[in-house]
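See structure below.
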Amino acid sequence: MTYKPSSPAEELVLLDRELVRLDARRAQLLRRRAWLTAALHAQRARYARPSRDARPAPGWAPPAGVRPRSGPAGWAPAAPAAGPGTASGSPGAQHVLLVLGGLLLAVAAIAFTLFSWGEMGIAGRATVLAAVTAAALAAPVPLLRRGLVATAESVAAVALLLTVLDAYALRAAVVPQTDGAGYAALAAGVLAAGWTVYGLGLGRLRLPLPAAVVAGQFPLVLGVWAADGSALLIGWALLATAAGGVLPAVRARGLAVRITAWTAAGSSWGAGLLIGVGQSLRANGASDAAGPGALLLAAAVVALAFGWRATREAAVTGGAVAGLAAVAGVGGVLRTEVTWSWAVLAYLLCAAALVPVSRIKAVPRPVRTGLLGTSAAVTGVSVLAVLPAASVAVVAPFPVVTGVWSGAPRGVRDVAGAAGAWPDAVSVPVVLLVVAVLLAAAYASLVQAGRPRTGWPTVAGACALGLAATAVPVLLMTADVPYAVALAVDALLVAALLAVAVAVPRVPRGAAGTALGCAAAGAVHTGLLALAAEPATYAVLGVLLVLFAGAAARTEAVADRAVAVVLAVLCALALALAAGASLGLGAPRTAVVVLAVPAVAVGLGPALRVPTAVVPLEAAGAFCAVVACGLSVTDGPYLALVLALCGVLAAATAVRPERRPASGWVAAVLFTLAAWVGLGALGVTHPEAYTLPVSALACAVGHLRRRTDPQASSWVAYGPGLAVTLVPSLLAAWVDPHWQRPLLLGLAALAVTLTGAVHRLQAPLLLGGGVLALDALHELAPHVAQVLDALPRWAVPALAGLLLLAVGATYEQRLRDARRVRERIGRMR
């Protein structure tokens with residue numbers, strides 16, 4: 001069935017495809033014919049004479065997807081023939097040869113100019129230079145016509161170098177008295193113009209135009225230098241040079257020219273910017289800073305011109321550096337009218353002014369992104385600049401720890417009198433507040449634009465809140481407000497931060513967490529500040545306790561609730577310590593007062609219906625108990641009392657079923673430690689006084705375990721309890737010179753052994769029997785030693801030999817007895 005096209009256009013397409021296929025097939029057959037002809041000639045020549053020319057046709061290569069059905073062995077596709085524009089061998093080797101040739105010619109030209117120049121007269125010199133340079137400049141033309149592009153490039157490079165040498169030789173021979181910088185400026189301009197014309201005339205060469213761009217960077221700058229221009233004028237020259245590079249960077253067709261123009265213009269712009277910044281920082285007044293400021297603003301305009309028509313990345317960079325130049329220029333003028341402490345604020349306000357500019361729709365979006373980036377960067381640097389001074393103000397109350405309750409000072413700065421250092425400028429908190437306002441405005445604009453309250457909006461809101469919270473105590477310290485006012489403001493700040501932290505549904509999670517963290521830091525700052533006066537301490541700690549307790553009750557976030565509960569317990573702990581100090585109880589007695597905090601925590605545990613608040617409450621209470629133990633560690637009786645009270649609290653916690661496994665063991669350990677510490681305080685040195693109560697309690701618990709679980713092992717039920725007493729007593733008996741302890745230990749071990757044998761319990765039988773045997777060995781050892789000393793020397797070997805004979809004669813029976821004993825012991829529990 002033949003397909004019939006439906007239209008003339010479709011039929012024309014089919015005909016074109018068929019003709020292309022026929023042309024490809026014809027070319028394939030022609031290449032195959034050429035290869036076969038060459039192979040046939042080579043075969044004939046092999047019989048006539050050896051020849052190295054019998055090779056397949058150089059242009060033959062199998063078509064795609066087609067393999068010859070027959071052909072000489074070793075057939076392989078031939079390499080493409082060398083064209084007129086390529087040398088024999090690989091292109092890499094050709095380029096290496098051309099580069100080496102060009103370098104040799106350049107070295108020869110330099111050597112001729114430097115060493116052989118003086119041996120010729122004026123006419124000879126001019127003739128040689130003109131002839132060689134003209135020949136080098138003209139040589140690429142015929143080379144390009146023949147397609148030798150790489151060779152033409154190498155010769156053109158040598159020709160450009162010869163023009164530079166011509167300029168050098170001309171000054172050295174003809175006008176040696178001229179100024180070097182001025183002549184270099186003139187020569188650079190002439191070379192740039194000549195190379196431009198030469199490159200445009202020979203459009204296929206890639207080197208002259210980039211070289212002209214590089215040469216064009218020097219005339220104006222060298223000219224200003226030759227005229228003894230100031231550093232500011234040199235900066236303007238660099239900026240003008242960079243501005244002149246915009247046209248080739250944007251309009252040039254060759255990629256090499258554009259890259260060179262961008263690089264050269266950027267270098268000139270950067271050098272001019274550095275000169276402007278340096279001059280702006282060195283200015284002593286507004287009039288001195290006006291010139292560098294104008295230069296920097298012009299640099300900003302040039303950067304905007306670069307970024308306006310560039311790619312996205314280059315546009316972002318152009319916008320960023322333009323904003324930086326503008327901030328440096330305007331800020332440099334403003335900072336001359338204020339002290340250095342306010343200079344940071346001047347630059348910060350200039351950076352803030354970039355935000356409205358970045359919202360102009362006419363400005364390309366990448367440029368606006370760069371401007372915003374510069375504003376954010378300058379803002380961050382401003383915060384870092386004032387952060388050390390702010391930190392000094394925040395930690396200023398810490399020295400008050402060495403002088404607790406020394407009396408309320410007049411101003412808040414007097415609290416840090418021991419440190420003797422705080423920022424003496426209100427500019428520090430002002431900078432923090434300005435940055436906080438800017439971040440809050442950014443957060444509001446992002447939310448209003450429909451951005452979700454996650455990611456950058458959350459970061460902006462959290463940072464704004466943190467900076468504002470930091471600025472308040474810094475402002476109070478730098479302004480040296482009255483002591484009572486500072487305490488009241490700090491407490492109100494903590495309350496406001498906690499109010500933000502508990503409003504999680506209406507406040508982003510990140511901002512709530514930041515508020516709670518800042519509230520904790522503010523509470524520490526306020527608490528330390530309150531230590532200067534006793535009434536202030538109780539008032540501030542009481543207010544903080546109420547605030548954190550209320551936050552724990554109102555917040556819905558699990559992590560925030562846990563943090564608030566812990567902070568409330570720590571405030572209660574501080575109040576208990578303050579109460580002990582007010583009563584003059586000393587550290588050991590204050591520990592008993594401190595135990596009131598974990599007691600309240602244990603009492604509130606069952607009453608709280610929120611499980612996520614119980615665990616941090618009990619953990620913080622346990623920490624307070626550890627603090628109480630640490631306070632009483634220097635007094636044995638009080639330490640025993642504190643441990644016993646902690647055991648009571650743990651036992652009270654164990655009443656709850658979910659806390660019983662852990663709290664029960666903790667209570668037992670605490671009671672044991674309390675008993676041991678009490679005995680130690682009374683001077684008791686007998687180990688049985690410490691171990692017998694533990695053994696009795698452990699064995700009683702083990703007995704109850706065996707009654708509820710008859711399959712439980714005796715090692716689990718009775719092993720720990722028996723070992724706690726038997727092992728220390730055995731060690732004490734071995735070093736005890738008296739007979740009472742070994743006798744009592746032996747009787748106790750005998751009773752334990754018999755109990756294990758009667759009730760078929762493995763642990764009492766083996767532990768009791770082992771201790772009984774070791775105790776008996778200890779008692780018989782002196783008598784055995786006396787008997788051995790009384791026997792003759794041959795008696796001991798004789799007795800050992802008789803023992804070995806007896807064991808050997810009854811070995812099988814003893815082995816069966818041992819197996820029987822092992823089986824019986826194994827059947828015990």
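Following the order of the structure tokens, first chain is A, next is B, and so on, with residues numbered from 1 inside each chain and ligands from 1 in the order they appear.
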Residue neighbourhood A:Ala462, 12 Å, only C-alpha atoms, exclusion window fewer than 6 positions, as a PyMOL selection string: chain A and resi 436-437+439-440+442-443+453-456+468-469+497+500-501+507-518
Could you list, as an mmCIF file with N, CA and C atoms, in the first residue's frame, every residue within 12 Å of A:Gly680, counting only C-alpha atoms and ignoring same-chain residues fewer than 3 positions away?
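Okay, this is what ended up in around_17.cif:
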data_model
loop_
_atom_site.group_PDB
_atom_site.id
_atom_site.type_symbol
_atom_site.label_atom_id
_atom_site.label_comp_id
_atom_site.auth_asym_id
_atom_site.auth_seq_id
_atom_site.Cartn_x
_atom_site.Cartn_y
_atom_site.Cartn_z
ATOM 1 N N ASP A 635 28.966 19.275 106.862
ATOM 2 C CA ASP A 635 28.453 18.938 108.197
ATOM 3 C C ASP A 635 27.786 17.576 108.118
ATOM 4 N N GLY A 636 28.402 16.553 108.762
ATOM 5 C CA GLY A 636 27.905 15.184 108.664
ATOM 6 C C GLY A 636 26.482 15.010 109.158
ATOM 7 N N PRO A 637 26.125 15.427 110.386
ATOM 8 C CA PRO A 637 24.746 15.237 110.851
ATOM 9 C C PRO A 637 23.714 15.912 109.954
ATOM 10 N N LEU A 639 24.088 16.630 106.794
ATOM 11 C CA LEU A 639 24.056 15.902 105.526
ATOM 12 C C LEU A 639 23.210 14.647 105.652
ATOM 13 N N ALA A 640 23.335 13.937 106.783
ATOM 14 C CA ALA A 640 22.495 12.752 106.997
ATOM 15 C C ALA A 640 21.023 13.143 107.053
ATOM 16 N N LEU A 673 22.193 5.908 102.304
ATOM 17 C CA LEU A 673 23.244 6.912 102.428
ATOM 18 C C LEU A 673 23.067 7.754 103.683
ATOM 19 N N ALA A 674 21.821 8.074 104.017
ATOM 20 C CA ALA A 674 21.575 8.851 105.235
ATOM 21 C C ALA A 674 22.035 8.079 106.480
ATOM 22 N N ALA A 675 21.725 6.780 106.506
ATOM 23 C CA ALA A 675 22.161 5.967 107.649
ATOM 24 C C ALA A 675 23.684 5.882 107.718
ATOM 25 N N TRP A 676 24.299 5.679 106.608
ATOM 26 C CA TRP A 676 25.760 5.581 106.596
ATOM 27 C C TRP A 676 26.415 6.898 107.030
ATOM 28 N N VAL A 677 25.905 8.033 106.491
ATOM 29 C CA VAL A 677 26.475 9.319 106.882
ATOM 30 C C VAL A 677 26.259 9.579 108.368
ATOM 31 N N GLY A 683 30.991 8.338 114.502
ATOM 32 C CA GLY A 683 32.283 7.701 114.700
ATOM 33 C C GLY A 683 32.247 6.187 114.642
ATOM 34 N N VAL A 684 31.226 5.593 114.116
ATOM 35 C CA VAL A 684 31.116 4.143 114.010
ATOM 36 C C VAL A 684 32.010 3.663 112.878
ATOM 37 N N THR A 685 32.881 2.653 113.211
ATOM 38 C CA THR A 685 33.821 2.142 112.222
ATOM 39 C C THR A 685 33.565 0.698 111.841
ATOM 40 N N HIS A 686 32.674 -0.016 112.538
ATOM 41 C CA HIS A 686 32.395 -1.417 112.207
ATOM 42 C C HIS A 686 31.566 -1.478 110.914
ATOM 43 N N PRO A 687 31.994 -2.271 109.946
ATOM 44 C CA PRO A 687 31.247 -2.306 108.677
ATOM 45 C C PRO A 687 29.863 -2.912 108.825
ATOM 46 N N ALA A 689 27.656 -2.383 110.981
ATOM 47 C CA ALA A 689 26.652 -1.371 111.321
ATOM 48 C C ALA A 689 26.113 -0.696 110.067
ATOM 49 N N TYR A 690 26.929 -0.649 109.026
ATOM 50 C CA TYR A 690 26.518 -0.029 107.766
ATOM 51 C C TYR A 690 25.821 -1.018 106.829
#
Nearest-residue call for A:Val626, choices A:Val592, A:Ala717, A:Ala136, A:Val321, using only C-alpha atoms: A:Val592
Select, from A:Val752, A:Ala290, A:Ala628, A:Leu577, the residue with the minimum atom-to-atom distance to A:Pro598, counting only C-alpha atoms.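 Among the listed residues, the smallest separation from A:Pro598 belongs to A:Ala628.
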List the neighbours of stretch 578-588 of chain A out to 7 Å using only C-alpha atoms; skip same-chain residues closer than 3 positions along the sequence, and give me the result as a ChimeraX atom specification. /A:574-575,591,593,631-632,635,638
Next, write the just-selected residues to a file, as a short mmCIF file (atom, residue, chain, number, x, y, z; two decimals), in the first residue's frame, keeping N, CA and C atoms as the atom set.
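result-v5.cif was written with the following content:
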data_model
loop_
_atom_site.label_atom_id
_atom_site.label_comp_id
_atom_site.auth_asym_id
_atom_site.auth_seq_id
_atom_site.Cartn_x
_atom_site.Cartn_y
_atom_site.Cartn_z
N ALA A 574 16.38 30.40 94.50
CA ALA A 574 17.08 31.62 94.88
C ALA A 574 16.42 32.28 96.09
N LEU A 575 15.10 32.25 96.17
CA LEU A 575 14.42 32.79 97.34
C LEU A 575 14.77 32.02 98.60
N ALA A 591 20.48 24.36 103.84
CA ALA A 591 20.11 23.22 102.99
C ALA A 591 18.73 22.69 103.37
N VAL A 593 16.28 24.46 104.55
CA VAL A 593 15.31 25.41 104.01
C VAL A 593 15.14 25.20 102.50
N LEU A 631 25.19 21.95 99.85
CA LEU A 631 25.33 22.93 100.92
C LEU A 631 25.67 22.29 102.26
N SER A 632 25.18 21.08 102.51
CA SER A 632 25.37 20.42 103.80
C SER A 632 26.51 19.42 103.80
N ASP A 635 28.97 19.28 106.86
CA ASP A 635 28.45 18.94 108.20
C ASP A 635 27.79 17.58 108.12
N TYR A 638 24.01 17.14 109.51
CA TYR A 638 23.04 17.81 108.63
C TYR A 638 22.97 17.14 107.27
#
